[in-house]
Amino acid sequence: MTAGVRWTGRSLRRFEDPALVRGLGRFVADVADRDRGTLHAAFVRSAVPAGEIRSIEAPPGAPVLTSESFPGIRTMCARLDRPDFVALETPVLATDAVRHPGEPVALVVAGSRAEAEDLAEQVVVDIDATRPVLDAAAATDPAAPTVHAGLDMPMGNNVVLDARFSTEGVDAAFDAADEIVTLDIRAHRQNALPIEARGALAAHDPSTGRTTLTAANQMPHMLRTALADILDIGEAELRVVTPEVGGAFGQKMCVPREYVALVAAARLLGATIAWIEDRSENLLASWHSRDHTYRLRGAFTRGGRLLGLDADIVCNIGAYSNYPVTFGVEPLMAMAELPGPYRLSQYRVRSRAVTTNMCPIAPYRGVSRPVLTLAMERLMDTAARRLDLDPVEIRRANLVREFPYAMPTGLPVDPGSYVETLDAAAEALDLEGFRRRQQQAAAEGRYLGVGFSVFGERTGYGTPAFAARAMEITPGYETVQLEMNPSGDVTARIGASPHGQGLATALSQLLADELGVEPRQVSVVHGDTDTTPYGWGTFASRSMVIAGGAAKLAAERLAAQLREIAAHHLEASPADIRLEDNSAVVAGTSVGVTLPEIARIAHHSSHLLPAPIEPGLSVSATYDPGGTFSNACHAAVVEVDPDTGHVRLERFVVIADAGLEVNPMIVEGQIHGGVTQGIANALYEELVTDDDGNLLTASLMDFLPPTACEVPLIEVTHVQTITDASITGAKGVGEGGAIGAPAAVLNAISDALSPLGIEVDEMPATPSRVRELIRRAQSTTTGDRT
Amino acid sequence: MNQRRVELTLTVNGQRHEVAVEPRKTLADTLREDCGLTGTHLGCEHGVCGACTVLVDDEPVRSCLMFAVQCGGQAIRTVEGLADGERLHPIQQAFWEHHGLQCGFCTPGFLMLATSVLESRPDIGDEELREVLASNLCRCTGYQNIITSVHAARDQMRS
């Protein structure tokens, strides 16, 4: 660690940025468009949600590839090893049946993307359409169509996971309750919507027999293994490169059928083929997200203590499983983490996954947590209103204060600042002052409201957490290889795969402190299976905790080696050597040697090294932690226009505790972006399907991400609780913004409309939904219609 | 459905590019594929997201909604033309310093949009500027640092 300067904790400008602001970034479409020999693929997709394929007809001689073109290819199938799970197999291209709108049936290849799209339009897929089932509740009806006909469904029609958990005294807790609050939460279907849609470029090299897939993806190593397994080829024949990736948010985590087909086509044709998804394809048939319903019952005392919680959760997972995390990730995370930061001893939950003729679901920023937080936070506010308690007080009465705490499911919660962040948010808003303003506004016929959301964000978890879900493919650890070259510069090769987070900058700060160099001397290599150690990529707010932890461990090993060589050279004890300002110095003296000098000795004069030190300066370390919890309190102030149902966000306050912040500027940027997606989820974004399964929101004219005009100033205050659960002290921060915001916004709308007796339990709370609630409330109270 | 190609001279960032393109080819695709300027990105290809924003005769346009054949004889500016050699344009510098980008995919469009408004209206107020910046979509930053960056560039360019 340097004596003079400490880089951790500084808002260093990002090393990633100069190329990006010059337009010199290399996103996958940029790589494809710069290569004049590239062919382009377009997919022919099902226009209906369900049916049998009768025939596929193409113009004579057209290069059309179907499942029959790839006889050796396997289906995609990731499993959970549990008795309440039914595995779903996904063909790479549809074989005899189609099960969701936009399902890929064939691909065509042409000299340009425009020509490929022209050709795809000339391919006629004759489908004998059958009645689809789109809604999860309807799908469990024994009379409903079965999405995967012929598959044994012992837990009910289309039920592919039915998980249950209960403590022993739940009924007694409900018997003892003064008030039982029942709540139905609905989170509609959404799209993570990275501004760069998906895309990939498969290049087959006949001279080596290897295929390189350059792809917009978050998990390059997993993708390579999956490709090898599904195509039944040696993994060494494949290289996966993730260049610059234009946002992902979970949508680029799971293995897409299209990428597998593209690699198969490139190998079949011995060609270089690109597929760049267009926005309508992305909205229709990339991964969808959310689509959950929760029925909650909470048993409360008169004073607002939560005695028991009973939940029934249903996730519409669409037509197929994702790979590798499976559809189980949504219901099982919801089940494990629903109680959140509230002290609770009695908990019963049933959590189901139901397959339908909708696009498959994959994780989206926060996965189940935005919805489970919405459910718990709506429960708290509804109970508070029922019991005539203040929303801050009811939370204070229930929040965990002593650590370590174990949730009723046994999940350990490490130290955080749940009560502290809530109090700070209430103070930042001047809650009492707001209540006065709210009353004045009410007198003028205006509806102002405030909403809080307190949550823990489980982050930085390694294999133990994934193993608890019984995943056949168990992700979790990360490895960092660290090398100092003969000139004293450092290269870190990582298995994580950042795509906009600024991880290279943050890791270089951390490594600089450990090694006594400057951050600019550290290069971080990522996103290439040929040059990085096997790892799990970037998702689940894990990178700074796990890849950061592995980097710290590797740096400690490299530092020990540097100290050993310096001590030998300086005839001192290694324990007395300090690494600082690019030198190794004997503590308390001016005697030292520069790091470049040590690096030269290690590489070029290795005969001088003391035994047992080996030549070179190269180490590796792996970190596989159990996990930690970040936490935050979000608070929103809204004004609702009762005539239009429009919600205007007046203020948005975040008190965030992500543990040690290596680069506070980056942390704050993650919070801004997450909160904005949370606001989008709460108010605007919804994939709407008609009764026949047609997507009505297939463009950005209909699916509405917020612009700079809809997003308020996000006021962030930082708290840093340092935990032993992460060796760097950092907790994850990537998802928290998106997790907390929906609940804060819906609580604020409900508070604003409380004079009308309205509780808003459905997201997004679009103007039409809000208007409908107002209309119903007014017709109930006055008997007339507005 | 190959169409007859049209020969055309495009002037991009002061340089002449002789291209032969189908009449249906968009300016965005032509810049990327025929001029080798892949800094202009495509996020939706239907004129909403603004990632493909370039300047044509100093006016911001969605290059996914404009055909290359409409642009002969006009001065086109793209993100690659902003910096002066090694020296970043003030708007690029401001985005770097104020963390106005994360993944960087929408950034070229925002930079060109901001450049055009700050050149034509150096005294534009905060509220109007926010409305102009609402022309484009960003999915990473929540806009806050984009707005901060453009404010900083405005102040820098005025001084």
# chains A, B, ... in the order shown; residues from 1 in each chain; ligands from 1
$ select_by_dssp --residues "region 561-694 of chain A" --states "strand (DSSP E)" --output "count of residues only"
41
$ residues_around --residues "Leu309 (chain A)" --least-positions-apart "3" --cutoff "6 Å" --atoms "only C-alpha atoms" --output "mmCIF file with C-alpha atoms, in the first residue's frame"
data_model
loop_
_atom_site.group_PDB
_atom_site.id
_atom_site.type_symbol
_atom_site.label_atom_id
_atom_site.label_comp_id
_atom_site.auth_asym_id
_atom_site.auth_seq_id
_atom_site.Cartn_x
_atom_site.Cartn_y
_atom_site.Cartn_z
ATOM 1 C CA ARG A 297 -50.856 -12.194 4.001
ATOM 2 C CA GLY A 298 -49.187 -10.413 6.895
ATOM 3 C CA TYR A 347 -42.856 -17.529 7.332
#
$ interface_residues --of "chain B" --to "chain A" --cutoff "8 Å" --atoms "only C-alpha atoms" --output "compact mmCIF listing (two decimals) with N, CA and C atoms, in the first residue's frame"
# COMPACT_ATOMS: atom_id res chain seq x y z
N MET B 1 -33.50 -8.85 -53.94
CA MET B 1 -34.09 -7.52 -54.13
C MET B 1 -32.98 -6.45 -54.24
N ASN B 2 -31.87 -6.86 -54.86
CA ASN B 2 -30.80 -5.88 -55.02
C ASN B 2 -31.24 -4.72 -55.88
N ARG B 32 -21.26 3.73 -41.58
CA ARG B 32 -20.62 2.62 -40.90
C ARG B 32 -19.94 1.65 -41.87
N GLU B 33 -20.66 1.30 -42.93
CA GLU B 33 -20.17 0.22 -43.80
C GLU B 33 -19.31 0.74 -44.94
N GLY B 36 -16.50 3.48 -43.15
CA GLY B 36 -15.66 2.93 -42.07
C GLY B 36 -15.79 3.70 -40.77
N THR B 38 -17.58 3.72 -37.69
CA THR B 38 -18.51 2.93 -36.88
C THR B 38 -18.81 3.57 -35.53
N GLY B 39 -18.36 4.79 -35.33
CA GLY B 39 -18.70 5.49 -34.08
C GLY B 39 -20.17 5.84 -33.99
N THR B 40 -20.84 5.97 -35.13
CA THR B 40 -22.28 6.24 -35.15
C THR B 40 -23.01 4.92 -34.93
N LEU B 42 -26.34 2.27 -33.87
CA LEU B 42 -27.77 2.06 -34.14
C LEU B 42 -28.41 1.36 -32.95
N GLY B 43 -29.37 2.05 -32.33
CA GLY B 43 -30.03 1.46 -31.16
C GLY B 43 -31.44 0.99 -31.42
N CYS B 44 -32.12 1.61 -32.40
CA CYS B 44 -33.52 1.18 -32.63
C CYS B 44 -33.87 1.12 -34.11
N GLU B 45 -33.17 1.88 -34.93
CA GLU B 45 -33.43 1.90 -36.38
C GLU B 45 -34.84 2.36 -36.71
N HIS B 46 -35.53 3.00 -35.75
CA HIS B 46 -36.78 3.63 -36.12
C HIS B 46 -36.93 5.04 -35.53
N VAL B 48 -36.16 6.64 -32.69
CA VAL B 48 -36.54 7.05 -31.33
C VAL B 48 -35.34 7.25 -30.42
N CYS B 49 -34.38 6.33 -30.46
CA CYS B 49 -33.36 6.34 -29.40
C CYS B 49 -32.30 7.40 -29.60
N VAL B 79 -19.14 11.66 -34.69
CA VAL B 79 -18.36 11.69 -33.43
C VAL B 79 -16.86 11.63 -33.70
N GLU B 80 -16.48 10.96 -34.78
CA GLU B 80 -15.05 10.83 -35.06
C GLU B 80 -14.41 12.17 -35.40
N LEU B 82 -15.07 15.07 -33.82
CA LEU B 82 -15.15 16.06 -32.73
C LEU B 82 -13.78 16.47 -32.19
N ALA B 83 -12.93 15.50 -31.94
CA ALA B 83 -11.64 15.81 -31.32
C ALA B 83 -10.72 16.47 -32.34
N LEU B 88 -9.29 16.36 -26.99
CA LEU B 88 -10.73 16.11 -27.01
C LEU B 88 -11.49 17.42 -27.14
N GLN B 92 -16.59 16.19 -25.24
CA GLN B 92 -16.03 14.86 -24.94
C GLN B 92 -15.32 14.88 -23.59
N PHE B 95 -17.87 14.89 -20.76
CA PHE B 95 -18.47 13.56 -20.51
C PHE B 95 -17.48 12.67 -19.75
N TRP B 96 -16.21 12.79 -20.09
CA TRP B 96 -15.19 11.98 -19.39
C TRP B 96 -15.09 12.41 -17.92
N GLU B 97 -15.02 13.71 -17.72
CA GLU B 97 -14.78 14.20 -16.35
C GLU B 97 -15.98 14.03 -15.44
N HIS B 99 -18.42 11.67 -15.73
CA HIS B 99 -18.99 10.32 -15.77
C HIS B 99 -20.31 10.33 -16.53
N LEU B 101 -20.98 8.83 -19.17
CA LEU B 101 -21.21 7.61 -19.95
C LEU B 101 -20.86 6.41 -19.10
N GLN B 102 -21.51 5.30 -19.39
CA GLN B 102 -21.13 4.03 -18.76
C GLN B 102 -20.75 3.04 -19.86
N CYS B 103 -21.75 2.44 -20.53
CA CYS B 103 -21.37 1.49 -21.59
C CYS B 103 -20.86 2.21 -22.83
N GLY B 104 -21.28 3.46 -23.03
CA GLY B 104 -20.75 4.25 -24.14
C GLY B 104 -21.44 4.06 -25.47
N PHE B 105 -22.49 3.23 -25.51
CA PHE B 105 -23.12 2.94 -26.80
C PHE B 105 -23.95 4.13 -27.30
N CYS B 106 -24.69 4.77 -26.40
CA CYS B 106 -25.52 5.91 -26.82
C CYS B 106 -24.71 7.19 -26.90
N THR B 107 -23.49 7.18 -26.36
CA THR B 107 -22.70 8.39 -26.16
C THR B 107 -22.46 9.19 -27.45
N PRO B 108 -22.07 8.57 -28.56
CA PRO B 108 -21.85 9.37 -29.77
C PRO B 108 -23.08 10.20 -30.15
N LEU B 111 -23.33 13.12 -27.76
CA LEU B 111 -22.27 14.10 -28.01
C LEU B 111 -22.63 14.98 -29.21
N ARG B 130 -32.44 20.46 -20.92
CA ARG B 130 -32.95 19.15 -20.51
C ARG B 130 -33.94 18.63 -21.55
N GLU B 131 -34.77 19.52 -22.06
CA GLU B 131 -35.76 19.09 -23.06
C GLU B 131 -35.08 18.64 -24.35
N LEU B 133 -32.07 17.39 -24.57
CA LEU B 133 -31.39 16.12 -24.30
C LEU B 133 -32.39 14.97 -24.16
N ALA B 134 -33.65 15.29 -23.91
CA ALA B 134 -34.69 14.25 -23.86
C ALA B 134 -34.99 13.68 -25.25
N SER B 135 -34.31 14.19 -26.28
CA SER B 135 -34.46 13.63 -27.63
C SER B 135 -33.87 12.23 -27.72
N ASN B 136 -32.87 11.95 -26.90
CA ASN B 136 -32.14 10.69 -27.02
C ASN B 136 -32.33 9.83 -25.78
N LEU B 137 -32.13 8.53 -25.93
CA LEU B 137 -32.27 7.60 -24.82
C LEU B 137 -30.91 7.09 -24.35
N CYS B 138 -30.78 6.99 -23.03
CA CYS B 138 -29.63 6.33 -22.42
C CYS B 138 -30.19 5.35 -21.41
N ARG B 139 -29.60 4.18 -21.31
CA ARG B 139 -30.13 3.17 -20.41
C ARG B 139 -29.24 2.98 -19.18
N CYS B 140 -28.04 3.57 -19.18
CA CYS B 140 -27.10 3.31 -18.08
C CYS B 140 -27.07 4.43 -17.04
N THR B 141 -27.05 5.69 -17.48
CA THR B 141 -26.64 6.77 -16.58
C THR B 141 -27.78 7.40 -15.79
N GLY B 142 -29.02 7.16 -16.20
CA GLY B 142 -30.12 7.89 -15.58
C GLY B 142 -30.10 9.37 -15.93
N TYR B 143 -29.31 9.74 -16.93
CA TYR B 143 -29.25 11.10 -17.52
C TYR B 143 -28.58 12.15 -16.64
N GLN B 144 -28.55 11.91 -15.33
CA GLN B 144 -28.09 12.98 -14.44
C GLN B 144 -26.69 13.47 -14.80
N ASN B 145 -25.78 12.50 -15.01
CA ASN B 145 -24.41 12.91 -15.31
C ASN B 145 -24.26 13.38 -16.75
$ residues_around --residues "region 646-651 of chain A" --least-positions-apart "5" --cutoff "6 Å" --atoms "only C-alpha atoms" --output "list in words"
Ala636, Val637, Val638, Glu639, Val640, Asp641 and Pro767 of chain A
$ residues_around --residues "Asp528 (chain A)" --least-positions-apart "4" --cutoff "10 Å" --atoms "only C-alpha atoms" --output "compact mmCIF listing (two decimals) with C-alpha atoms, in the first residue's frame"
# COMPACT_ATOMS: atom_id res chain seq x y z
CA THR A 212 -14.41 -17.36 -32.78
CA LEU A 213 -17.69 -15.93 -31.57
CA THR A 214 -17.56 -12.20 -30.88
CA PRO A 220 -18.08 -15.46 -22.16
CA HIS A 221 -16.64 -18.58 -20.50
CA ARG A 239 -13.09 -18.89 -28.60
CA VAL A 240 -15.60 -16.39 -27.26
CA VAL A 241 -14.79 -12.69 -27.25
CA THR A 242 -17.00 -10.09 -25.62
CA PRO A 243 -15.87 -6.75 -26.99
CA ARG A 493 -6.57 -11.12 -16.36
CA ILE A 494 -10.08 -11.61 -15.02
CA GLY A 495 -12.97 -13.99 -15.60
CA SER A 497 -16.80 -9.51 -18.01
CA THR A 532 -8.50 -14.86 -19.35
CA PRO A 533 -8.99 -17.45 -16.60
CA TYR A 534 -12.27 -19.36 -16.43
$ residues_around --residues "Ala236 (chain A)" --least-positions-apart "3" --cutoff "10 Å" --atoms "only C-alpha atoms" --output "count of residues only"
10
$ select_by_dssp --residues "chain B" --states "alpha helix (DSSP H)" --output "PyMOL selection string"
chain B and resi 27-29+90-97+107-120+126-133+144-158
$ closest_residue --among "B:Met157, B:Leu10, B:Met66, B:Val56" --to "Ala28 (chain B)" --atoms "only C-alpha atoms"
B:Met66
$ residues_around --residues "Glu518 (chain A)" --least-positions-apart "4" --cutoff "10 Å" --atoms "only C-alpha atoms" --output "PyMOL selection string"
chain A and resi 2+5-7+489-490+508-509+511-513+522+580-582
$ closest_residue --among "B:Cys71, B:Ile91, B:Leu27, B:Leu113" --to "Ala153 (chain B)" --atoms "only C-alpha atoms"
B:Ile91
$ residues_around --residues "Pro404 (chain A)" --least-positions-apart "2" --cutoff "8 Å" --atoms "only C-alpha atoms" --output "list in words"
Glu402, Ala406, Pro412, Val413, Asp414 and Pro415 of chain A
$ write_last_selection --atoms "C-alpha atoms" --output "mmCIF file, in the first residue's frame"
data_model
loop_
_atom_site.group_PDB
_atom_site.id
_atom_site.type_symbol
_atom_site.label_atom_id
_atom_site.label_comp_id
_atom_site.auth_asym_id
_atom_site.auth_seq_id
_atom_site.Cartn_x
_atom_site.Cartn_y
_atom_site.Cartn_z
ATOM 1 C CA GLU A 402 -28.606 -6.668 15.483
ATOM 2 C CA ALA A 406 -30.769 -14.996 10.057
ATOM 3 C CA PRO A 412 -27.621 -14.911 7.074
ATOM 4 C CA VAL A 413 -27.692 -11.107 6.898
ATOM 5 C CA ASP A 414 -24.397 -9.390 7.664
ATOM 6 C CA PRO A 415 -24.049 -5.920 9.206
#
$ closest_residue --among "B:Leu37, B:Val6, B:Arg16, B:Ala94" --to "Phe67 (chain B)" --atoms "only C-alpha atoms"
B:Val6
